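Colleague: Take this structure, written in structure tokens, and hold onto it; I'll ask about it next.
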Amino acid sequence: MTICLRVPSNMSPPEASSPLDELAPTPARRRIARRLLRWYRDNRRDLPWRKASDPYAVWVSEVMLQQTQVSTVEPYFRRWMDRFPTVGALATANEDEVLHAWQGLGYYSRARSLLRGAQMVVQEHGGKLPVAAHQLRSLPGIGPYTAGAIASIAFDQDEPIVDGNVIRVLTRLFALPGDPQRATLKKQLWQLATLLIPRGQAADFNQSLMELGALVCTPNKPLCSECPVREDCRAVRQDRVSSYPQLRKRPKPTQVLVAAALTRRAGRVLVVQLPADAKRWASMWQFPNAEVEPATKWPRAKTDSSPWEPNQQLAGAAEQALFDAVGLHGEAGTKLAELRHSVTRFRIHLSLFEVRPEVGKAVARQCQAVRWCRAAELADLAMPAAHRRLAHCLEPTVLAASPRRA
Ligand code: SF4
């Protein structure tokens, strides 16, 4: 099989004796491409977004897969495509519906970008995603990686992709030192990913690189003995596989204590909607809550089964959260639930207190809207995963309905 190599028009072709050619000479590139494609044909996972190359489905799946594991994404993707089967269907949805369908996946700005992107596709591109990567990049939330993925997988364009899996495979395969987030290595990786594409086969080739990173060239204990490109792998030759990629150290997780208020009236519970410009969970519904600073006490480790008594500071914070959100004074009582939750580098310990309100009307203050909800209604609101879990923890007589997962 003859494999030609091509560079997209927006990049200069590497010169014959370029450092890239020395790093990955033509015979090696051809061999790597051939072996990866063959391996991919035999080993690719049967994933729902691979059933057809519908550009909209590829777009949705690629956005969902950012920062999220395949096994988590699969059910979300299926439900999303049932609910918003076309870009036109998504464009006419409202933000509440979209956030509800996304709840639990996290990084909600991705869902908002998809919605705005769908509206732009309908208004500016006649309902069809543009083919060219540079046009795709003009849509909200679509960066170089997503544009390359859609252009190559859905439109057979010879566009490269570089994600975490590709970074791992390429830095090991070519023994590339340095921090992949730094400009120099980042540029080199994109050039290599471009150079390696066998002409006209970017869809399968790009996916083969990602699939190899997901199944074989894994972060820990890669299965080098089963790797189709082992023969060309410089990290293996150097016996330094674990030295690549040279990722910068992650900052230590920050521990955060949060107190939330459960306030009831006539069989309903009070929830508030965050402002549309909130930094996190914008426009989503929550129990009124506040961060407790400084954290007076970080509770027991998971292995410690001793009870952690609610302290005055958390209870006071729950009362204050209710007042700040809706202007109601209240008195904190029993702690109803507590849970741990991780968001990016934050490790949140969330405690929910019963807060009995004084007589008065709840008025939106530091929130967008206020609702007194019956249990069944609560299930229909878009809530961040932690608050959805809190709702699950409550006694069935108060919140009888099982919240519907998006
Ligand atoms: Fe990764 Fe090992 Fe394959 Fe090299 S041989 S690309 S380190 S799995």
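Chain labels run A, B, ... following the order of the structure tokens; each chain numbers its residues from 1, and ligands are numbered from 1 in the order shown.
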Select the residues contacting ligand 1 at a distance of at most 8 Å, based on only C-alpha atoms and all ligand atoms, then format the selection as a list of chain:residue names.
Modeller: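 Those within range of ligand 1 are A:Arg168, A:Val169, A:Leu170, A:Arg172, A:Leu173, A:Leu212, A:Gly213, A:Val216, A:Cys217, A:Thr218, A:Pro222, A:Leu223, A:Cys224, A:Ser225, A:Glu226, A:Cys227, A:Pro228, A:Val229, A:Arg230, A:Glu231, A:Asp232, A:Cys233, A:Arg234, A:Ala235, A:Val236, A:Val241.
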Colleague: Excluding Asp163 of chain A and residues on its chain fewer than 4 positions from it, collect all residues at most 8 Å away from it, counting only C-alpha atoms, and give them as a ChimeraX atom specification.
Modeller: /A:145,167,210
Colleague: Counting only C-alpha atoms, which residue out of A:Ala149, A:Glu354, A:Leu114, A:Lys221 sits closest to Phe205 of chain A?
Modeller: A:Ala149
Colleague: Quick one: residues within 10 Å of Gly333 of chain A, only C-alpha atoms, excluding same-chain residues fewer than 5 positions away - as a PyMOL selection string?
Modeller: chain A and resi 261-262+310+315+318-319+353-356
Colleague: Considering only C-alpha atoms, can you say which of A:Leu196, A:Ser138, A:Val292, A:Leu115 comes closest to Ala101 of chain A?
Modeller: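 That would be A:Leu115, the residue with the smallest distance to Ala101 of chain A.
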Colleague: Go ahead and compute the interatomic distance for atom CA of Ala290 of chain A and atom CA of Ala321 of chain A, in Å to one decimal.
Modeller: 5.3 Å
Colleague: Looking at A:Arg30, A:Lys361, A:Arg112, A:His100, which one is nearest to Ala379 of chain A, with distances taken over only C-alpha atoms?
Modeller: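 Ranking A:Arg30, A:Lys361, A:Arg112, A:His100 by distance to Ala379 of chain A, first place goes to A:His100.
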Colleague: Write out as a PyMOL selection string which residues come within 7 Å of segment 382-386 of chain A when counting only C-alpha atoms, dropping same-chain ones fewer than 3 positions away.
Modeller: chain A and resi 96+99-100+103-104+281+284-286+341+389-390
Colleague: Would you mind telling me which residue in A:His125, A:Arg265, A:Arg182, A:Arg199 lies nearest to Arg371 of chain A when using only C-alpha atoms?
Modeller: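 Among the listed residues, the smallest separation from Arg371 of chain A belongs to A:Arg265.
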Colleague: I need the residues of segment 171-393 of chain A that end up classed as strand (DSSP E) by DSSP on the backbone, written out as a PDB file with N, CA and C atoms, in the first residue's frame.
Modeller:
ATOM      1  N   THR A 254      -7.479  21.416  46.592  1.00  0.00           N
ATOM      2  CA  THR A 254      -7.887  22.357  47.639  1.00  0.00           C
ATOM      3  C   THR A 254      -9.142  21.821  48.321  1.00  0.00           C
ATOM      4  N   GLN A 255      -9.088  21.741  49.639  1.00  0.00           N
ATOM      5  CA  GLN A 255     -10.239  21.249  50.398  1.00  0.00           C
ATOM      6  C   GLN A 255     -11.189  22.409  50.694  1.00  0.00           C
ATOM      7  N   VAL A 256     -12.470  22.175  50.457  1.00  0.00           N
ATOM      8  CA  VAL A 256     -13.461  23.238  50.665  1.00  0.00           C
ATOM      9  C   VAL A 256     -14.640  22.686  51.463  1.00  0.00           C
ATOM     10  N   LEU A 257     -15.037  23.444  52.484  1.00  0.00           N
ATOM     11  CA  LEU A 257     -16.233  23.079  53.245  1.00  0.00           C
ATOM     12  C   LEU A 257     -17.394  23.941  52.779  1.00  0.00           C
ATOM     13  N   VAL A 258     -18.519  23.300  52.474  1.00  0.00           N
ATOM     14  CA  VAL A 258     -19.693  24.058  52.028  1.00  0.00           C
ATOM     15  C   VAL A 258     -20.893  23.630  52.872  1.00  0.00           C
ATOM     16  N   ALA A 259     -21.678  24.623  53.313  1.00  0.00           N
ATOM     17  CA  ALA A 259     -22.902  24.337  54.056  1.00  0.00           C
ATOM     18  C   ALA A 259     -24.093  24.747  53.200  1.00  0.00           C
ATOM     19  N   ALA A 260     -25.097  23.873  53.131  1.00  0.00           N
ATOM     20  CA  ALA A 260     -26.288  24.173  52.331  1.00  0.00           C
ATOM     21  C   ALA A 260     -27.522  24.122  53.224  1.00  0.00           C
ATOM     22  N   ALA A 261     -28.573  24.843  52.802  1.00  0.00           N
ATOM     23  CA  ALA A 261     -29.801  24.932  53.605  1.00  0.00           C
ATOM     24  C   ALA A 261     -30.949  24.219  52.919  1.00  0.00           C
ATOM     25  N   LEU A 262     -31.594  23.319  53.659  1.00  0.00           N
ATOM     26  CA  LEU A 262     -32.845  22.746  53.168  1.00  0.00           C
ATOM     27  C   LEU A 262     -33.970  23.424  53.928  1.00  0.00           C
ATOM     28  N   ARG A 264     -38.122  24.086  54.136  1.00  0.00           N
ATOM     29  CA  ARG A 264     -39.370  23.493  53.639  1.00  0.00           C
ATOM     30  C   ARG A 264     -40.573  24.342  54.040  1.00  0.00           C
ATOM     31  N   ARG A 265     -41.580  24.298  53.206  1.00  0.00           N
ATOM     32  CA  ARG A 265     -42.881  24.896  53.515  1.00  0.00           C
ATOM     33  C   ARG A 265     -43.950  24.090  52.803  1.00  0.00           C
ATOM     34  N   ARG A 268     -43.027  21.493  50.326  1.00  0.00           N
ATOM     35  CA  ARG A 268     -42.145  21.914  49.224  1.00  0.00           C
ATOM     36  C   ARG A 268     -40.797  22.320  49.780  1.00  0.00           C
ATOM     37  N   VAL A 269     -39.783  22.248  48.957  1.00  0.00           N
ATOM     38  CA  VAL A 269     -38.449  22.680  49.384  1.00  0.00           C
ATOM     39  C   VAL A 269     -38.004  23.854  48.530  1.00  0.00           C
ATOM     40  N   LEU A 270     -37.174  24.687  49.134  1.00  0.00           N
ATOM     41  CA  LEU A 270     -36.745  25.892  48.430  1.00  0.00           C
ATOM     42  C   LEU A 270     -35.440  25.634  47.671  1.00  0.00           C
ATOM     43  N   VAL A 271     -35.449  25.993  46.408  1.00  0.00           N
ATOM     44  CA  VAL A 271     -34.213  25.941  45.609  1.00  0.00           C
ATOM     45  C   VAL A 271     -34.045  27.275  44.882  1.00  0.00           C
ATOM     46  N   VAL A 272     -32.807  27.582  44.573  1.00  0.00           N
ATOM     47  CA  VAL A 272     -32.528  28.862  43.909  1.00  0.00           C
ATOM     48  C   VAL A 272     -31.759  28.607  42.623  1.00  0.00           C
ATOM     49  N   GLN A 273     -31.969  29.501  41.673  1.00  0.00           N
ATOM     50  CA  GLN A 273     -31.261  29.379  40.396  1.00  0.00           C
ATOM     51  C   GLN A 273     -30.100  30.378  40.373  1.00  0.00           C
ATOM     52  N   TRP A 285     -29.870  24.985  39.237  1.00  0.00           N
ATOM     53  CA  TRP A 285     -30.611  25.091  40.497  1.00  0.00           C
ATOM     54  C   TRP A 285     -29.872  24.381  41.621  1.00  0.00           C
ATOM     55  N   GLN A 286     -29.946  24.975  42.815  1.00  0.00           N
ATOM     56  CA  GLN A 286     -29.247  24.421  43.977  1.00  0.00           C
ATOM     57  C   GLN A 286     -30.056  24.681  45.242  1.00  0.00           C
ATOM     58  N   ASN A 289     -26.517  27.795  49.447  1.00  0.00           N
ATOM     59  CA  ASN A 289     -25.321  27.264  50.106  1.00  0.00           C
ATOM     60  C   ASN A 289     -24.224  28.302  50.149  1.00  0.00           C
ATOM     61  N   ALA A 290     -23.256  28.058  51.027  1.00  0.00           N
ATOM     62  CA  ALA A 290     -22.134  28.985  51.164  1.00  0.00           C
ATOM     63  C   ALA A 290     -20.895  28.213  51.571  1.00  0.00           C
ATOM     64  N   GLU A 291     -19.772  28.728  51.083  1.00  0.00           N
ATOM     65  CA  GLU A 291     -18.489  28.145  51.455  1.00  0.00           C
ATOM     66  C   GLU A 291     -18.136  28.627  52.855  1.00  0.00           C
ATOM     67  N   VAL A 292     -17.546  27.745  53.647  1.00  0.00           N
ATOM     68  CA  VAL A 292     -17.135  28.124  54.995  1.00  0.00           C
ATOM     69  C   VAL A 292     -15.644  28.384  54.977  1.00  0.00           C
ATOM     70  N   GLY A 330     -33.462  32.327  59.222  1.00  0.00           N
ATOM     71  CA  GLY A 330     -33.874  30.980  59.593  1.00  0.00           C
ATOM     72  C   GLY A 330     -32.972  30.428  60.686  1.00  0.00           C
ATOM     73  N   GLU A 331     -33.394  29.315  61.224  1.00  0.00           N
ATOM     74  CA  GLU A 331     -32.610  28.698  62.290  1.00  0.00           C
ATOM     75  C   GLU A 331     -32.190  27.295  61.864  1.00  0.00           C
ATOM     76  N   ALA A 332     -30.892  27.076  61.885  1.00  0.00           N
ATOM     77  CA  ALA A 332     -30.390  25.768  61.441  1.00  0.00           C
ATOM     78  C   ALA A 332     -30.619  24.718  62.514  1.00  0.00           C
ATOM     79  N   GLY A 333     -31.043  23.541  62.076  1.00  0.00           N
ATOM     80  CA  GLY A 333     -31.256  22.426  63.007  1.00  0.00           C
ATOM     81  C   GLY A 333     -30.408  21.238  62.620  1.00  0.00           C
ATOM     82  N   THR A 334     -31.089  20.150  62.369  1.00  0.00           N
ATOM     83  CA  THR A 334     -30.403  18.888  62.086  1.00  0.00           C
ATOM     84  C   THR A 334     -29.597  18.938  60.788  1.00  0.00           C
ATOM     85  N   LYS A 335     -28.471  18.250  60.840  1.00  0.00           N
ATOM     86  CA  LYS A 335     -27.764  18.040  59.571  1.00  0.00           C
ATOM     87  C   LYS A 335     -28.410  16.837  58.891  1.00  0.00           C
ATOM     88  N   LEU A 336     -28.881  17.032  57.673  1.00  0.00           N
ATOM     89  CA  LEU A 336     -29.650  15.994  56.991  1.00  0.00           C
ATOM     90  C   LEU A 336     -28.791  15.088  56.120  1.00  0.00           C
ATOM     91  N   ALA A 337     -27.737  15.646  55.606  1.00  0.00           N
ATOM     92  CA  ALA A 337     -26.906  14.850  54.684  1.00  0.00           C
ATOM     93  C   ALA A 337     -25.536  15.487  54.569  1.00  0.00           C
ATOM     94  N   GLU A 338     -24.575  14.676  54.208  1.00  0.00           N
ATOM     95  CA  GLU A 338     -23.254  15.217  53.892  1.00  0.00           C
ATOM     96  C   GLU A 338     -22.615  14.330  52.829  1.00  0.00           C
ATOM     97  N   LEU A 339     -21.809  14.955  51.987  1.00  0.00           N
ATOM     98  CA  LEU A 339     -21.144  14.175  50.943  1.00  0.00           C
ATOM     99  C   LEU A 339     -19.844  14.851  50.524  1.00  0.00           C
ATOM    100  N   ARG A 340     -19.021  14.063  49.882  1.00  0.00           N
ATOM    101  CA  ARG A 340     -17.791  14.595  49.291  1.00  0.00           C
ATOM    102  C   ARG A 340     -17.955  14.618  47.782  1.00  0.00           C
ATOM    103  N   HIS A 341     -17.366  15.644  47.181  1.00  0.00           N
ATOM    104  CA  HIS A 341     -17.539  15.802  45.740  1.00  0.00           C
ATOM    105  C   HIS A 341     -16.303  16.492  45.177  1.00  0.00           C
ATOM    106  N   SER A 342     -15.852  16.066  44.021  1.00  0.00           N
ATOM    107  CA  SER A 342     -14.671  16.696  43.410  1.00  0.00           C
ATOM    108  C   SER A 342     -15.064  17.480  42.173  1.00  0.00           C
ATOM    109  N   VAL A 343     -14.580  18.713  42.098  1.00  0.00           N
ATOM    110  CA  VAL A 343     -14.753  19.529  40.894  1.00  0.00           C
ATOM    111  C   VAL A 343     -13.383  20.104  40.578  1.00  0.00           C
ATOM    112  N   PHE A 346     -10.782  20.983  43.236  1.00  0.00           N
ATOM    113  CA  PHE A 346     -11.414  21.217  44.537  1.00  0.00           C
ATOM    114  C   PHE A 346     -12.037  19.935  45.076  1.00  0.00           C
ATOM    115  N   ARG A 347     -11.771  19.667  46.352  1.00  0.00           N
ATOM    116  CA  ARG A 347     -12.401  18.533  47.034  1.00  0.00           C
ATOM    117  C   ARG A 347     -13.412  19.136  48.000  1.00  0.00           C
ATOM    118  N   ILE A 348     -14.657  19.019  47.636  1.00  0.00           N
ATOM    119  CA  ILE A 348     -15.716  19.713  48.376  1.00  0.00           C
ATOM    120  C   ILE A 348     -16.375  18.758  49.357  1.00  0.00           C
ATOM    121  N   HIS A 349     -16.512  19.238  50.601  1.00  0.00           N
ATOM    122  CA  HIS A 349     -17.281  18.486  51.592  1.00  0.00           C
ATOM    123  C   HIS A 349     -18.538  19.299  51.843  1.00  0.00           C
ATOM    124  N   LEU A 350     -19.671  18.757  51.413  1.00  0.00           N
ATOM    125  CA  LEU A 350     -20.918  19.511  51.410  1.00  0.00           C
ATOM    126  C   LEU A 350     -21.855  18.959  52.489  1.00  0.00           C
ATOM    127  N   SER A 351     -22.331  19.848  53.360  1.00  0.00           N
ATOM    128  CA  SER A 351     -23.252  19.435  54.429  1.00  0.00           C
ATOM    129  C   SER A 351     -24.582  20.159  54.244  1.00  0.00           C
ATOM    130  N   LEU A 352     -25.666  19.412  54.350  1.00  0.00           N
ATOM    131  CA  LEU A 352     -27.004  19.996  54.181  1.00  0.00           C
ATOM    132  C   LEU A 352     -27.707  20.046  55.537  1.00  0.00           C
ATOM    133  N   PHE A 353     -28.086  21.252  55.932  1.00  0.00           N
ATOM    134  CA  PHE A 353     -28.786  21.445  57.212  1.00  0.00           C
ATOM    135  C   PHE A 353     -30.239  21.810  56.976  1.00  0.00           C
ATOM    136  N   GLU A 354     -31.080  21.292  57.838  1.00  0.00           N
ATOM    137  CA  GLU A 354     -32.453  21.775  57.886  1.00  0.00           C
ATOM    138  C   GLU A 354     -32.384  23.211  58.403  1.00  0.00           C
ATOM    139  N   VAL A 355     -32.977  24.160  57.690  1.00  0.00           N
ATOM    140  CA  VAL A 355     -33.035  25.539  58.207  1.00  0.00           C
ATOM    141  C   VAL A 355     -34.499  25.963  58.207  1.00  0.00           C
ATOM    142  N   ARG A 356     -35.040  26.153  59.430  1.00  0.00           N
ATOM    143  CA  ARG A 356     -36.446  26.548  59.545  1.00  0.00           C
ATOM    144  C   ARG A 356     -36.553  28.053  59.343  1.00  0.00           C
ATOM    145  N   PRO A 357     -37.341  28.490  58.371  1.00  0.00           N
ATOM    146  CA  PRO A 357     -37.395  29.925  58.080  1.00  0.00           C
ATOM    147  C   PRO A 357     -38.415  30.654  58.952  1.00  0.00           C
ATOM    148  N   ALA A 369     -33.462  33.239  40.384  1.00  0.00           N
ATOM    149  CA  ALA A 369     -34.867  32.914  40.616  1.00  0.00           C
ATOM    150  C   ALA A 369     -34.982  31.997  41.827  1.00  0.00           C
ATOM    151  N   VAL A 370     -36.186  31.958  42.401  1.00  0.00           N
ATOM    152  CA  VAL A 370     -36.455  31.137  43.589  1.00  0.00           C
ATOM    153  C   VAL A 370     -37.654  30.257  43.288  1.00  0.00           C
ATOM    154  N   ARG A 371     -37.592  29.021  43.740  1.00  0.00           N
ATOM    155  CA  ARG A 371     -38.770  28.162  43.568  1.00  0.00           C
ATOM    156  C   ARG A 371     -38.985  27.320  44.808  1.00  0.00           C
ATOM    157  N   TRP A 372     -40.266  27.136  45.155  1.00  0.00           N
ATOM    158  CA  TRP A 372     -40.639  26.145  46.163  1.00  0.00           C
ATOM    159  C   TRP A 372     -41.115  24.939  45.380  1.00  0.00           C
ATOM    160  N   CYS A 373     -40.391  23.846  45.490  1.00  0.00           N
ATOM    161  CA  CYS A 373     -40.652  22.694  44.615  1.00  0.00           C
ATOM    162  C   CYS A 373     -41.211  21.498  45.350  1.00  0.00           C
TER     163      CYS A 373
END
Colleague: Report, in Å with one decimal, the straight-line distance from atom CA of Ser18 of chain A to atom CA of Val166 of chain A.
Modeller: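 The value is 21.8 Å.
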Colleague: Of the candidates A:Pro288, A:Pro85, A:Pro253, A:Pro245, which shows the shortest atom-to-atom distance to Ala364 of chain A, using only C-alpha atoms?
Modeller: A:Pro288
Colleague: Which parts of segment 119-240 of chain A does DSSP call helix (DSSP H, G or I) when run on the backbone here, written out as a VMD selection string?
Modeller: chain A and resid 119 to 125 133 to 136 144 to 155 164 to 173 183 to 195 202 to 215 224 to 226 230 to 232 234 to 237
Colleague: Just the number, please: distance in Å from atom CA of Ile197 of chain A to atom CA of Arg29 of chain A, one decimal.
Modeller: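 Separating atom CA of Ile197 of chain A from atom CA of Arg29 of chain A is a distance of 8.7 Å.
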Colleague: Would you mind listing what lies within 10 Å of Ala111 of chain A as an NGL selection string, with only C-alpha atoms counted and same-chain residues fewer than 2 positions away left out?
Modeller: :A and (60 or 63-64 or 95 or 98-103 or 105-109 or 113-117 or 141)
Colleague: Hey, what's within 12 Å of Leu47 of chain A if we count only C-alpha atoms and toss same-chain stuff fewer than 3 positions away? As a PDB file with N, CA, C and O atoms, in the first residue's frame, please?
Modeller:
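As a result, result_37.pdb now contains:
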ATOM      1  N   ASN A  43      -9.190  -3.741  16.305  1.00  0.00           N
ATOM      2  CA  ASN A  43      -9.364  -3.574  17.758  1.00  0.00           C
ATOM      3  C   ASN A  43     -10.275  -2.422  18.184  1.00  0.00           C
ATOM      4  O   ASN A  43     -10.477  -2.221  19.374  1.00  0.00           O
ATOM      5  N   ARG A  44     -10.790  -1.684  17.238  1.00  0.00           N
ATOM      6  CA  ARG A  44     -11.583  -0.509  17.613  1.00  0.00           C
ATOM      7  C   ARG A  44     -12.810  -0.913  18.432  1.00  0.00           C
ATOM      8  O   ARG A  44     -13.448  -1.942  18.165  1.00  0.00           O
ATOM      9  N   ARG A  50     -19.531   5.986  16.783  1.00  0.00           N
ATOM     10  CA  ARG A  50     -18.817   5.476  15.612  1.00  0.00           C
ATOM     11  C   ARG A  50     -19.742   4.771  14.622  1.00  0.00           C
ATOM     12  O   ARG A  50     -19.282   4.234  13.624  1.00  0.00           O
ATOM     13  N   LYS A  51     -21.019   4.737  14.956  1.00  0.00           N
ATOM     14  CA  LYS A  51     -21.958   4.007  14.086  1.00  0.00           C
ATOM     15  C   LYS A  51     -22.098   4.689  12.724  1.00  0.00           C
ATOM     16  O   LYS A  51     -22.299   4.053  11.714  1.00  0.00           O
ATOM     17  N   ALA A  52     -22.075   6.008  12.722  1.00  0.00           N
ATOM     18  CA  ALA A  52     -22.184   6.752  11.458  1.00  0.00           C
ATOM     19  C   ALA A  52     -21.324   7.995  11.599  1.00  0.00           C
ATOM     20  O   ALA A  52     -21.046   8.429  12.703  1.00  0.00           O
ATOM     21  N   SER A  53     -20.918   8.562  10.472  1.00  0.00           N
ATOM     22  CA  SER A  53     -20.058   9.736  10.595  1.00  0.00           C
ATOM     23  C   SER A  53     -20.890  11.014  10.484  1.00  0.00           C
ATOM     24  O   SER A  53     -20.545  11.931   9.745  1.00  0.00           O
ATOM     25  N   ALA A  57     -23.207  14.312  15.393  1.00  0.00           N
ATOM     26  CA  ALA A  57     -22.942  13.291  16.413  1.00  0.00           C
ATOM     27  C   ALA A  57     -21.466  13.291  16.804  1.00  0.00           C
ATOM     28  O   ALA A  57     -21.114  13.145  17.979  1.00  0.00           O
ATOM     29  N   VAL A  58     -20.597  13.467  15.809  1.00  0.00           N
ATOM     30  CA  VAL A  58     -19.157  13.523  16.107  1.00  0.00           C
ATOM     31  C   VAL A  58     -18.867  14.729  16.998  1.00  0.00           C
ATOM     32  O   VAL A  58     -18.132  14.632  17.994  1.00  0.00           O
ATOM     33  N   SER A  61     -20.158  14.067  20.571  1.00  0.00           N
ATOM     34  CA  SER A  61     -19.336  13.079  21.281  1.00  0.00           C
ATOM     35  C   SER A  61     -17.980  13.670  21.664  1.00  0.00           C
ATOM     36  O   SER A  61     -17.497  13.464  22.778  1.00  0.00           O
ATOM     37  N   VAL A  70     -14.852   7.550  28.502  1.00  0.00           N
ATOM     38  CA  VAL A  70     -15.770   6.979  27.516  1.00  0.00           C
ATOM     39  C   VAL A  70     -16.968   6.306  28.197  1.00  0.00           C
ATOM     40  O   VAL A  70     -18.113   6.489  27.802  1.00  0.00           O
ATOM     41  N   SER A  71     -16.702   5.526  29.262  1.00  0.00           N
ATOM     42  CA  SER A  71     -17.793   4.786  29.907  1.00  0.00           C
ATOM     43  C   SER A  71     -18.827   5.737  30.521  1.00  0.00           C
ATOM     44  O   SER A  71     -20.010   5.420  30.584  1.00  0.00           O
ATOM     45  N   VAL A  73     -19.446   8.787  29.270  1.00  0.00           N
ATOM     46  CA  VAL A  73     -20.087   9.526  28.177  1.00  0.00           C
ATOM     47  C   VAL A  73     -21.154   8.689  27.458  1.00  0.00           C
ATOM     48  O   VAL A  73     -22.189   9.225  27.051  1.00  0.00           O
ATOM     49  N   GLU A  74     -20.929   7.388  27.315  1.00  0.00           N
ATOM     50  CA  GLU A  74     -21.819   6.572  26.476  1.00  0.00           C
ATOM     51  C   GLU A  74     -23.305   6.779  26.773  1.00  0.00           C
ATOM     52  O   GLU A  74     -24.068   7.094  25.862  1.00  0.00           O
ATOM     53  N   PRO A  75     -23.759   6.597  28.036  1.00  0.00           N
ATOM     54  CA  PRO A  75     -25.204   6.775  28.267  1.00  0.00           C
ATOM     55  C   PRO A  75     -25.677   8.215  28.042  1.00  0.00           C
ATOM     56  O   PRO A  75     -26.784   8.437  27.561  1.00  0.00           O
ATOM     57  N   PHE A  77     -24.453  10.293  25.868  1.00  0.00           N
ATOM     58  CA  PHE A  77     -24.502  10.517  24.419  1.00  0.00           C
ATOM     59  C   PHE A  77     -25.810   9.934  23.852  1.00  0.00           C
ATOM     60  O   PHE A  77     -26.499  10.585  23.067  1.00  0.00           O
ATOM     61  N   ARG A  78     -26.143   8.718  24.283  1.00  0.00           N
ATOM     62  CA  ARG A  78     -27.359   8.079  23.751  1.00  0.00           C
ATOM     63  C   ARG A  78     -28.588   8.914  24.105  1.00  0.00           C
ATOM     64  O   ARG A  78     -29.455   9.176  23.263  1.00  0.00           O
ATOM     65  N   GLN A 207      -8.198   8.314  14.829  1.00  0.00           N
ATOM     66  CA  GLN A 207      -8.856   7.500  15.862  1.00  0.00           C
ATOM     67  C   GLN A 207      -7.967   6.356  16.326  1.00  0.00           C
ATOM     68  O   GLN A 207      -8.033   5.931  17.476  1.00  0.00           O
ATOM     69  N   GLU A 211      -7.175   5.661  20.069  1.00  0.00           N
ATOM     70  CA  GLU A 211      -7.560   4.342  20.595  1.00  0.00           C
ATOM     71  C   GLU A 211      -6.347   3.624  21.187  1.00  0.00           C
ATOM     72  O   GLU A 211      -6.446   2.973  22.222  1.00  0.00           O
TER      73      GLU A 211
END
Colleague: Taking only C-alpha atoms into account, which of A:Gly143, A:Ala175, A:Gln157, A:Thr263 comes nearest Arg237 of chain A?
Modeller: A:Ala175
Colleague: For Gly148 of chain A, list every protein, DNA or RNA residue within 8 Å, evaluated using only C-alpha atoms, and leave out those in the same chain fewer than 2 positions away; present the list as a PyMOL selection string.
Modeller: chain A and resi 133+144-146+150-152+159-161
Colleague: For N, CA, C and O atoms, I'd like the residues from the last selection saved as an mmCIF file, in the first residue's frame.
Modeller:
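In the end it all went to part_25.cif:
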data_model
loop_
_atom_site.group_PDB
_atom_site.id
_atom_site.type_symbol
_atom_site.label_atom_id
_atom_site.label_comp_id
_atom_site.auth_asym_id
_atom_site.auth_seq_id
_atom_site.Cartn_x
_atom_site.Cartn_y
_atom_site.Cartn_z
ATOM 1 N N ALA A 133 -11.718 23.031 8.929
ATOM 2 C CA ALA A 133 -11.365 23.136 10.350
ATOM 3 C C ALA A 133 -11.366 24.590 10.819
ATOM 4 O O ALA A 133 -11.836 24.886 11.919
ATOM 5 N N PRO A 144 -8.744 23.750 18.476
ATOM 6 C CA PRO A 144 -8.018 23.000 17.439
ATOM 7 C C PRO A 144 -8.299 21.498 17.484
ATOM 8 O O PRO A 144 -8.446 20.857 16.444
ATOM 9 N N TYR A 145 -8.375 20.943 18.698
ATOM 10 C CA TYR A 145 -8.590 19.498 18.780
ATOM 11 C C TYR A 145 -9.963 19.109 18.225
ATOM 12 O O TYR A 145 -10.076 18.237 17.360
ATOM 13 N N THR A 146 -11.021 19.765 18.729
ATOM 14 C CA THR A 146 -12.373 19.391 18.303
ATOM 15 C C THR A 146 -12.563 19.661 16.815
ATOM 16 O O THR A 146 -13.197 18.868 16.114
ATOM 17 N N ILE A 150 -13.640 16.749 14.182
ATOM 18 C CA ILE A 150 -14.840 16.790 13.323
ATOM 19 C C ILE A 150 -14.426 16.774 11.849
ATOM 20 O O ILE A 150 -14.983 16.021 11.042
ATOM 21 N N ALA A 151 -13.436 17.607 11.512
ATOM 22 C CA ALA A 151 -13.027 17.702 10.094
ATOM 23 C C ALA A 151 -12.512 16.356 9.583
ATOM 24 O O ALA A 151 -12.807 15.951 8.458
ATOM 25 N N SER A 152 -11.753 15.654 10.403
ATOM 26 C CA SER A 152 -11.187 14.386 9.924
ATOM 27 C C SER A 152 -12.205 13.247 9.994
ATOM 28 O O SER A 152 -12.382 12.514 9.019
ATOM 29 N N GLU A 159 -6.857 16.448 8.572
ATOM 30 C CA GLU A 159 -6.545 17.369 9.666
ATOM 31 C C GLU A 159 -6.062 16.576 10.875
ATOM 32 O O GLU A 159 -6.615 15.514 11.182
ATOM 33 N N PRO A 160 -5.056 17.085 11.574
ATOM 34 C CA PRO A 160 -4.532 16.343 12.729
ATOM 35 C C PRO A 160 -5.348 16.590 13.989
ATOM 36 O O PRO A 160 -6.128 17.541 14.059
ATOM 37 N N ILE A 161 -5.149 15.747 14.969
ATOM 38 C CA ILE A 161 -5.703 15.987 16.307
ATOM 39 C C ILE A 161 -4.600 15.695 17.327
ATOM 40 O O ILE A 161 -3.775 14.806 17.123
#
